[in-house]
file upload-v6.cif (mmCIF, C-alpha atoms and all ligand atoms)
data_coords
loop_
_atom_site.label_atom_id
_atom_site.label_comp_id
_atom_site.auth_asym_id
_atom_site.auth_seq_id
_atom_site.Cartn_x
_atom_site.Cartn_y
_atom_site.Cartn_z
CA MET A 145 103.21 114.89 115.91
CA SER A 146 102.61 115.99 112.32
CA VAL A 147 105.01 114.58 109.74
CA PRO A 148 105.72 116.24 106.36
CA VAL A 149 104.75 113.98 103.45
CA ALA A 150 106.83 113.93 100.28
CA THR A 151 104.78 114.71 97.18
CA MET A 152 105.42 113.79 93.55
CA ASP A 153 107.08 117.13 92.80
CA GLY A 154 109.52 116.67 95.65
CA MET A 155 107.92 119.27 97.90
CA THR A 156 107.17 118.32 101.47
CA THR A 157 103.67 119.22 102.52
CA PRO A 158 101.80 118.31 105.70
CA LYS A 159 99.02 116.77 103.59
CA TYR A 160 97.54 114.78 106.45
CA PRO A 161 98.69 114.25 110.01
CA LEU A 162 100.99 111.31 110.58
CA THR A 163 102.54 110.15 113.80
CA GLU A 164 106.26 109.46 114.03
CA LEU A 165 106.84 105.74 114.30
CA SER A 166 108.87 106.20 117.49
CA ASP A 167 105.87 107.94 119.10
CA ALA A 168 103.36 105.38 117.83
CA VAL A 169 105.31 102.38 119.12
CA ALA A 170 106.38 103.99 122.40
CA PRO A 171 103.72 102.12 124.47
CA ALA A 172 104.70 98.77 122.92
CA ARG A 173 108.37 99.53 123.44
CA GLU A 174 107.69 100.30 127.09
CA ARG A 175 105.52 97.19 127.58
CA HIS A 176 108.24 94.92 126.18
CA ARG A 177 111.31 96.95 127.04
CA ARG A 178 113.48 94.10 128.31
CA LEU A 179 112.81 91.87 125.31
CA ILE A 180 113.28 94.68 122.80
CA ASP A 181 116.45 95.97 124.46
CA SER A 182 117.85 92.43 124.41
CA ALA A 183 116.97 92.08 120.72
CA ALA A 184 118.59 95.42 119.87
CA ALA A 185 121.75 94.51 121.78
CA TRP A 186 121.89 91.11 120.08
CA SER A 187 121.34 92.69 116.67
CA ALA A 188 124.09 95.27 117.26
CA SER A 189 126.51 92.59 118.42
CA HIS A 190 125.92 90.81 115.10
CA GLY A 191 126.52 93.93 113.03
CA ARG A 192 122.90 94.50 112.04
CA HIS A 193 121.89 97.38 114.33
CA THR A 194 118.14 97.03 113.84
CA ASP A 195 116.27 100.03 115.21
CA PRO A 196 114.58 99.13 118.56
CA ASP A 197 111.49 101.03 117.39
CA HIS A 198 111.23 98.59 114.49
CA PHE A 199 111.35 95.67 116.91
CA ALA A 200 108.63 97.45 118.91
CA LEU A 201 106.54 97.59 115.74
CA VAL A 202 106.94 93.81 115.34
CA CYS A 203 105.68 93.43 118.93
CA ALA A 204 102.72 95.74 118.27
CA GLY A 205 101.86 93.86 115.06
CA ALA A 206 102.09 90.47 116.78
CA GLU A 207 99.88 91.68 119.61
CA ASN A 208 97.40 92.86 117.00
CA ALA A 209 97.49 89.55 115.12
CA TRP A 210 94.45 87.69 113.79
CA ARG A 211 94.96 84.50 115.84
CA PRO A 212 96.18 85.52 119.30
CA PRO A 213 96.44 81.95 120.72
CA ASP A 214 98.85 80.95 117.96
CA GLN A 215 100.68 84.22 117.81
CA THR A 216 102.68 85.83 120.56
CA LEU A 217 105.89 87.83 120.56
CA THR A 218 107.88 84.60 120.83
CA ARG A 219 105.54 82.08 119.20
CA TRP A 220 105.38 82.16 115.42
CA THR A 221 104.11 80.09 112.52
CA ARG A 222 104.84 80.35 108.83
CA THR A 223 101.32 81.52 107.93
CA GLY A 224 101.18 83.78 111.00
CA THR A 225 104.42 85.46 109.96
CA HIS A 226 103.00 86.15 106.54
CA HIS A 227 99.80 87.56 108.01
CA VAL A 228 101.61 89.77 110.51
CA VAL A 229 103.91 91.30 107.92
CA ARG A 230 101.27 91.61 105.20
CA CYS A 231 98.21 92.59 107.22
CA ASP A 232 98.61 93.05 110.97
CA ILE A 233 101.53 95.50 110.92
CA PRO A 234 100.07 97.60 108.06
CA ASN A 235 96.67 97.58 109.78
CA TRP A 236 98.19 98.58 113.08
CA CYS A 237 100.10 101.40 111.35
CA SER A 238 96.92 102.61 109.63
CA MET A 239 95.03 102.64 112.93
CA ASN A 240 97.88 104.57 114.54
CA SER A 241 98.45 106.96 111.62
CA THR A 242 102.06 105.99 111.12
CA LEU A 243 104.21 104.37 108.44
CA TRP A 244 106.08 101.07 108.62
CA PRO A 245 109.68 100.79 107.42
CA ALA A 246 110.36 99.31 103.99
CA SER A 247 112.75 96.91 105.73
CA ILE A 248 110.05 95.31 107.91
CA CYS A 249 110.75 91.82 106.51
CA GLU A 250 114.47 92.18 107.32
CA VAL A 251 113.47 93.34 110.82
CA LEU A 252 111.38 90.19 111.31
CA TRP A 253 114.24 88.06 110.00
CA ASP A 254 116.46 89.63 112.66
CA TRP A 255 113.75 89.12 115.31
CA PHE A 256 113.53 85.39 114.56
CA ASP A 257 117.32 85.03 114.56
CA PHE A 258 117.44 86.75 117.95
CA LEU A 259 114.69 84.59 119.45
CA HIS A 260 116.26 81.41 118.11
CA ALA A 261 119.86 82.25 119.04
CA THR A 262 118.96 83.23 122.60
CA GLY A 263 116.60 80.32 123.28
CA ARG A 264 113.54 82.55 123.42
CA LEU A 265 111.64 81.10 120.45
CA ASP A 266 108.60 79.20 121.77
CA SER A 267 109.08 75.49 121.04
CA ARG A 268 105.55 75.36 119.57
CA SER A 269 106.71 77.68 116.80
CA ASP A 270 107.42 76.43 113.30
CA PRO A 271 111.13 75.88 112.57
CA VAL A 272 113.10 79.06 111.95
CA ALA A 273 113.78 77.99 108.36
CA GLU A 274 110.00 77.89 107.77
CA LEU A 275 109.46 81.29 109.39
CA ARG A 276 111.98 82.81 107.00
CA LYS A 277 110.14 81.57 103.90
CA PRO A 278 107.30 84.15 103.84
CA LEU A 279 109.88 86.87 104.48
CA ALA A 280 111.95 85.71 101.52
CA CYS A 281 108.82 85.33 99.37
CA TYR A 282 106.75 88.38 100.31
CA GLY A 283 109.74 90.58 101.14
CA TRP A 284 111.85 89.50 98.16
CA LEU A 285 114.81 88.55 100.37
CA ASP A 286 117.68 86.18 99.63
CA GLN A 287 118.59 83.20 101.79
CA ASP A 288 120.63 85.43 104.10
CA GLY A 289 117.73 87.81 104.70
CA ARG A 290 119.05 90.53 102.40
CA ARG A 291 116.88 92.37 99.89
CA LEU A 292 117.25 90.98 96.37
CA PRO A 293 118.36 93.42 93.66
CA GLN A 294 115.66 95.17 91.64
CA GLY A 295 114.31 92.86 88.97
CA ALA A 296 115.78 89.70 90.52
CA GLU A 297 113.59 86.61 90.53
CA ARG A 298 112.17 85.33 93.79
CA GLN A 299 114.36 82.48 95.03
CA ILE A 300 111.71 80.19 96.53
CA PRO A 301 108.18 79.07 95.61
CA CYS A 302 105.38 80.60 97.65
CA GLU A 303 104.30 78.70 100.78
CA CYS A 304 102.92 81.77 102.56
CA PHE A 305 99.37 80.37 102.78
CA LEU A 306 100.32 76.78 103.69
CA PRO A 307 100.31 75.95 107.40
CA TYR A 308 103.65 74.23 107.93
CA ARG A 309 102.75 71.51 110.42
CA GLU A 310 99.45 70.28 108.94
CA THR A 311 100.88 70.37 105.42
CA ALA A 312 103.93 68.37 106.49
CA GLU A 313 101.74 65.86 108.34
CA LEU A 314 99.44 65.37 105.33
CA LEU A 315 102.40 64.92 103.01
CA GLY A 316 103.81 62.37 105.44
CA GLU A 317 100.50 60.44 105.32
CA ILE A 318 100.57 60.44 101.53
CA VAL A 319 104.12 59.10 101.50
CA LEU A 320 103.24 56.30 103.94
CA ARG A 321 100.22 55.26 101.88
CA CYS A 322 102.29 55.36 98.72
CA GLU A 323 104.85 53.06 100.31
CA ARG A 324 102.06 50.51 100.71
CA SER A 325 100.49 51.02 97.29
CA GLY A 326 103.63 51.57 95.25
CA GLU A 327 102.29 54.80 93.82
CA GLU A 328 104.56 57.75 93.34
CA PRO A 329 103.71 60.39 96.03
CA LEU A 330 104.27 63.22 93.61
CA ASP A 331 101.74 61.67 91.21
CA VAL A 332 99.11 61.87 93.97
CA LEU A 333 99.87 65.56 94.37
CA ARG A 334 100.05 66.14 90.63
CA ARG A 335 96.62 64.55 90.20
CA ALA A 336 95.18 66.69 93.03
CA ALA A 337 96.53 69.75 91.23
CA GLY A 338 95.03 68.62 87.90
CA HIS A 339 98.33 67.56 86.34
CA ALA A 340 98.99 64.31 84.51
CA PRO A 341 101.27 61.76 86.22
CA VAL A 342 104.85 61.78 84.99
CA PRO A 343 105.79 58.55 83.11
CA ARG A 344 108.04 56.33 85.15
CA TRP A 345 111.65 55.74 84.28
CA SER A 346 112.30 52.15 83.20
CA PRO A 347 115.71 50.44 83.16
CA ALA A 348 117.12 49.61 79.71
CA GLY A 349 115.62 46.35 78.45
CA ASP A 350 112.63 46.54 80.76
CA ASP A 351 109.39 45.77 79.03
CA GLY A 352 107.74 48.78 80.56
CA ALA A 353 105.80 46.94 83.26
CA ASP A 354 105.13 49.02 86.32
CA LEU A 355 107.05 46.95 88.84
CA PHE A 356 106.04 49.07 91.80
CA GLY A 357 102.43 49.14 90.72
CA GLU A 358 102.39 45.33 90.75
CA LEU A 359 103.29 45.20 94.41
CA ASP A 360 99.80 46.19 95.45
CA PRO A 361 97.35 45.71 92.59
CA GLY A 362 94.54 46.90 94.85
CA GLY A 363 95.94 50.39 94.91
CA TRP A 364 94.15 52.96 97.04
CA SER A 365 91.19 51.69 98.98
CA ASP A 366 89.48 55.05 99.06
CA GLY A 367 89.54 55.83 95.38
CA TRP A 368 92.83 57.73 95.20
ZN ZN B 1 104.53 83.75 99.28
#

call {"tool": "encode", "arguments": {"input": "upload-v6.cif", "output": "structure tokens"}}
result
Amino acid sequence: MSVPVATMDGMTTPKYPLTELSDAVAPARERHRRLIDSAAAWSASHGRHTDPDHFALVCAGAENAWRPPDQTLTRWTRTGTHHVVRCDIPNWCSMNSTLWPASICEVLWDWFDFLHATGRLDSRSDPVAELRKPLACYGWLDQDGRRLPQGAERQIPCECFLPYRETAELLGEIVLRCERSGEEPLDVLRRAAGHAPVPRWSPAGDDGADLFGELDPGGWSDGW
């Protein structure tokens, strides 16, 4: 189906053929009808009324994702979420000559809430709070999944490219090693990022000796 395209002067001209989103996602909606209908009913019961075709687009994008083993309709990671919303859905729309809704990040927020609330989110997924982060960052959403006003600052630092589980495990290792060495974990990270360590706070009257540093004068065994 050809869709009129709005031009700069406000005229609508069939510049190039586009497919209506509802037509483009029809096969995905049929393939996953039960899941999508459940999501739409859940969304409506919570006052959100997300369009089922938009949920179908999420399904199509997830099916088209870059790492199929890690990415299914119900299994999501923080980095996978970012990739689906930033690349896989736009790519799928380009291949199918259709346009994605501006609210696609809000749609994904709703999708995750539905999966989580109804026990459908695969337990191998990252925590829901982590899945929301790339939506808030890339989609400029607030902590309730609503679009921030024009010109508002992003509310969280970007973690879109950091795999949640491996990053958390590495940070945990650093903390454990710092417990043994007495070093401040953040100083390890600051040094890795090329920043100078932050001077330690000393109690009044202290002569400035690094009490924690004296606990393990050997420090890191591998040159940290
Ligand atoms: Zn980001």

call {"tool": "residues_near_ligand", "arguments": {"input": "upload-v6.cif", "ligand": "ligand ZN 1 (chain B)", "cutoff": "6 Å", "atoms": "all atoms listed in the file", "output": "list in words"}}
result
Pro278, Cys281, Tyr282, Cys302, Glu303 and Cys304 of chain A

call {"tool": "write_last_selection", "arguments": {"input": "upload-v6.cif", "atoms": "C-alpha atoms", "output": "CSV table (one decimal), in the frame of the given file"}}
result
chain,number,residue,atom,x,y,z
A,278,PRO,CA,107.3,84.2,103.8
A,281,CYS,CA,108.8,85.3,99.4
A,282,TYR,CA,106.8,88.4,100.3
A,302,CYS,CA,105.4,80.6,97.6
A,303,GLU,CA,104.3,78.7,100.8
A,304,CYS,CA,102.9,81.8,102.6

call {"tool": "atom_distance", "arguments": {"input": "upload-v6.cif", "atom1": "atom CA of Val319 of chain A", "atom2": "atom CA of Arg276 of chain A"}}
result
25.6 Å

call {"tool": "closest_residue", "arguments": {"input": "upload-v6.cif", "among": "A:Ser166, A:Phe258, A:Ile233, A:Arg268", "to": "Leu179 of chain A", "atoms": "all atoms listed in the file"}}
result
A:Phe258

call {"tool": "atom_distance", "arguments": {"input": "upload-v6.cif", "atom1": "atom CA of Asp331 of chain A", "atom2": "atom CA of Gln299 of chain A"}}
result
24.6 Å

call {"tool": "residues_around", "arguments": {"input": "upload-v6.cif", "residues": "Ile180 of chain A", "least_positions_apart": "4", "cutoff": "7 Å", "atoms": "all atoms listed in the file", "output": "list of chain:residue names"}}
result
A:Arg173, A:His176, A:Ala184, A:Pro196, A:Phe199, A:Ala200

call {"tool": "write_last_selection", "arguments": {"input": "upload-v6.cif", "atoms": "C-alpha atoms", "output": "short mmCIF file (atom, residue, chain, number, x, y, z; two decimals), keeping the file's coordinate frame"}}
result
data_model
loop_
_atom_site.label_atom_id
_atom_site.label_comp_id
_atom_site.auth_asym_id
_atom_site.auth_seq_id
_atom_site.Cartn_x
_atom_site.Cartn_y
_atom_site.Cartn_z
CA ARG A 173 108.37 99.53 123.44
CA HIS A 176 108.24 94.92 126.18
CA ALA A 184 118.59 95.42 119.87
CA PRO A 196 114.58 99.13 118.56
CA PHE A 199 111.35 95.67 116.91
CA ALA A 200 108.63 97.45 118.91
#

call {"tool": "closest_residue", "arguments": {"input": "upload-v6.cif", "among": "A:Arg324, A:Ala204, A:His190, A:Thr221", "to": "Ser267 of chain A", "atoms": "all atoms listed in the file"}}
result
A:Thr221

call {"tool": "atom_distance", "arguments": {"input": "upload-v6.cif", "atom1": "atom CA of Gln294 of chain A", "atom2": "atom CA of Asp232 of chain A"}}
result
25.9 Å

call {"tool": "residues_around", "arguments": {"input": "upload-v6.cif", "residues": "Ser238 of chain A", "least_positions_apart": "5", "cutoff": "12 Å", "atoms": "only C-alpha atoms", "output": "CSV table (one decimal) with C-alpha atoms, in the frame of the given file"}}
result
chain,number,residue,atom,x,y,z
A,161,PRO,CA,98.7,114.2,110.0
A,162,LEU,CA,101.0,111.3,110.6
A,163,THR,CA,102.5,110.2,113.8
A,165,LEU,CA,106.8,105.7,114.3
A,168,ALA,CA,103.4,105.4,117.8
A,205,GLY,CA,101.9,93.9,115.1
A,231,CYS,CA,98.2,92.6,107.2
A,232,ASP,CA,98.6,93.0,111.0
A,233,ILE,CA,101.5,95.5,110.9
A,243,LEU,CA,104.2,104.4,108.4
A,244,TRP,CA,106.1,101.1,108.6

call {"tool": "closest_residue", "arguments": {"input": "upload-v6.cif", "among": "A:Val169, A:Arg264, A:Pro301, A:Trp255", "to": "Trp236 of chain A", "atoms": "all atoms listed in the file"}}
result
A:Val169

call {"tool": "residues_around", "arguments": {"input": "upload-v6.cif", "residues": "Glu250 of chain A", "least_positions_apart": "5", "cutoff": "9 Å", "atoms": "only C-alpha atoms", "output": "PDB file with C-alpha atoms, in the coordinates of the input"}}
result
ATOM      1  CA  THR A 194     118.140  97.030 113.840  1.00  0.00           C
ATOM      2  CA  TRP A 255     113.750  89.120 115.310  1.00  0.00           C
ATOM      3  CA  LEU A 279     109.880  86.870 104.480  1.00  0.00           C
ATOM      4  CA  GLY A 283     109.740  90.580 101.140  1.00  0.00           C
ATOM      5  CA  LEU A 285     114.810  88.550 100.370  1.00  0.00           C
ATOM      6  CA  GLY A 289     117.730  87.810 104.700  1.00  0.00           C
ATOM      7  CA  ARG A 290     119.050  90.530 102.400  1.00  0.00           C
ATOM      8  CA  ARG A 291     116.880  92.370  99.890  1.00  0.00           C
TER       9      ARG A 291
END

call {"tool": "residues_around", "arguments": {"input": "upload-v6.cif", "residues": "Val202 of chain A", "least_positions_apart": "3", "cutoff": "9 Å", "atoms": "only C-alpha atoms", "output": "JSON, numbers by chain"}}
result
{"A": [197, 198, 199, 205, 206, 207, 217, 228, 229, 233, 248, 251, 252, 255]}

call {"tool": "closest_residue", "arguments": {"input": "upload-v6.cif", "among": "A:Asp254, A:Glu174, A:Glu323, A:Glu317", "to": "Ala188 of chain A", "atoms": "all atoms listed in the file"}}
result
A:Asp254

call {"tool": "build_atoms", "arguments": {"input": "upload-v6.cif", "residues": "segment 208-219 of chain A", "atoms": "N, CA and C atoms", "output": "PDB file, in the coordinates of the input"}}
result
ATOM      1  N   ASN A 208      98.601  92.509 117.745  1.00  0.00           N
ATOM      2  CA  ASN A 208      97.400  92.860 117.000  1.00  0.00           C
ATOM      3  C   ASN A 208      96.999  91.768 116.012  1.00  0.00           C
ATOM      4  N   ALA A 209      97.635  90.589 116.140  1.00  0.00           N
ATOM      5  CA  ALA A 209      97.490  89.550 115.120  1.00  0.00           C
ATOM      6  C   ALA A 209      96.103  88.927 115.135  1.00  0.00           C
ATOM      7  N   TRP A 210      95.785  88.243 114.030  1.00  0.00           N
ATOM      8  CA  TRP A 210      94.450  87.690 113.790  1.00  0.00           C
ATOM      9  C   TRP A 210      94.153  86.485 114.643  1.00  0.00           C
ATOM     10  N   ARG A 211      95.196  85.713 115.060  1.00  0.00           N
ATOM     11  CA  ARG A 211      94.960  84.500 115.840  1.00  0.00           C
ATOM     12  C   ARG A 211      95.805  84.550 117.110  1.00  0.00           C
ATOM     13  N   PRO A 212      95.367  85.325 118.096  1.00  0.00           N
ATOM     14  CA  PRO A 212      96.180  85.520 119.300  1.00  0.00           C
ATOM     15  C   PRO A 212      96.701  84.236 119.952  1.00  0.00           C
ATOM     16  N   PRO A 213      95.902  83.138 120.036  1.00  0.00           N
ATOM     17  CA  PRO A 213      96.440  81.950 120.720  1.00  0.00           C
ATOM     18  C   PRO A 213      97.674  81.374 120.034  1.00  0.00           C
ATOM     19  N   ASP A 214      97.718  81.511 118.706  1.00  0.00           N
ATOM     20  CA  ASP A 214      98.850  80.950 117.960  1.00  0.00           C
ATOM     21  C   ASP A 214      99.966  81.955 117.754  1.00  0.00           C
ATOM     22  N   GLN A 215      99.749  83.154 118.166  1.00  0.00           N
ATOM     23  CA  GLN A 215     100.680  84.220 117.810  1.00  0.00           C
ATOM     24  C   GLN A 215     100.996  85.055 119.031  1.00  0.00           C
ATOM     25  N   THR A 216     102.234  84.950 119.488  1.00  0.00           N
ATOM     26  CA  THR A 216     102.680  85.830 120.560  1.00  0.00           C
ATOM     27  C   THR A 216     103.990  86.461 120.085  1.00  0.00           C
ATOM     28  N   LEU A 217     104.621  87.202 120.948  1.00  0.00           N
ATOM     29  CA  LEU A 217     105.890  87.830 120.560  1.00  0.00           C
ATOM     30  C   LEU A 217     106.974  86.799 120.313  1.00  0.00           C
ATOM     31  N   THR A 218     106.834  85.632 120.937  1.00  0.00           N
ATOM     32  CA  THR A 218     107.880  84.600 120.830  1.00  0.00           C
ATOM     33  C   THR A 218     107.374  83.308 120.208  1.00  0.00           C
ATOM     34  N   ARG A 219     106.101  83.281 119.828  1.00  0.00           N
ATOM     35  CA  ARG A 219     105.540  82.080 119.200  1.00  0.00           C
ATOM     36  C   ARG A 219     105.048  82.430 117.792  1.00  0.00           C
TER      37      ARG A 219
END
